[in-house]
Amino acid sequence: MKLFALGVIVFIALSESGEGHPTSFTIDGKGIENNVQIVGGDPVDIENYPYQVSVQSYGSHMCGGSLISPNRVLTAAHCTDGQSAGTLTVRAGSSYHIAGGQVLRVKNMPASALRLSTYDLLESSFVLGPAVKTIALASSRPIAGTMGNVTGWGYLEPTGPISDQLQGVQVPVVDQLQCLVAYVPLPITDTMMCAGYLGEGGKDACKGDSGGALVVGSAQVGIVSWGKGCGYYRYPGVYTYVGSILEHIKNCE
């Protein structure tokens, strides 16, 4: 397992063929074990999850993300570790991360880990349609047992391979105290939430799904973040709780 900086980053898309760099901010930096893939799921169509995007480095899938406006993508902060300006693009509107849909570059990667300053004016946006839509962000924490959908192109099994076609799986929200106990001595903070089959396992996000959305109903409640293993019965997946970062996202507008 590798360490990463837990947090959230917002990209601003530039243009399909323009030279651009990503604009972003990150929050809540912590070093924890990585858990970023989908196991136990099924192939799904992008039109059923039109907010899902593939965050790519040099044209290769790296992480998931969600479209929160036509020109803004929400993903995990650790997805940009080691990246430099001009390396990142976003593909939307395709069930496959390797082809189809629309591809936009992102602009302005800041040097600091936390960037809440005023951004440049947006120069381009994704064209919305049946396969490209935005997702609303939830302002409250779902109750334990509520079922959520998580999607991505990550590993189909804990050791791989990555999936060419988008995969989806349903997982229940886990009680916050139960998750905290499961992960002792690792910290489960108020900026986190857990989902998965605690005591059963078998279904989870995994490597390559990091940054994707956990959606309950029609709103995103979490961002695929970390965990121990993939679908391990003792450890549910850990997500950044979207409700805890709404002000940071608003300040980024």
# chains A, B, ... in the order shown; residues from 1 in each chain; ligands from 1
$ select_by_dssp --residues "stretch 21-238 of chain A" --states "alpha helix (DSSP H)" --output "ChimeraX atom specification"
/A:176-183
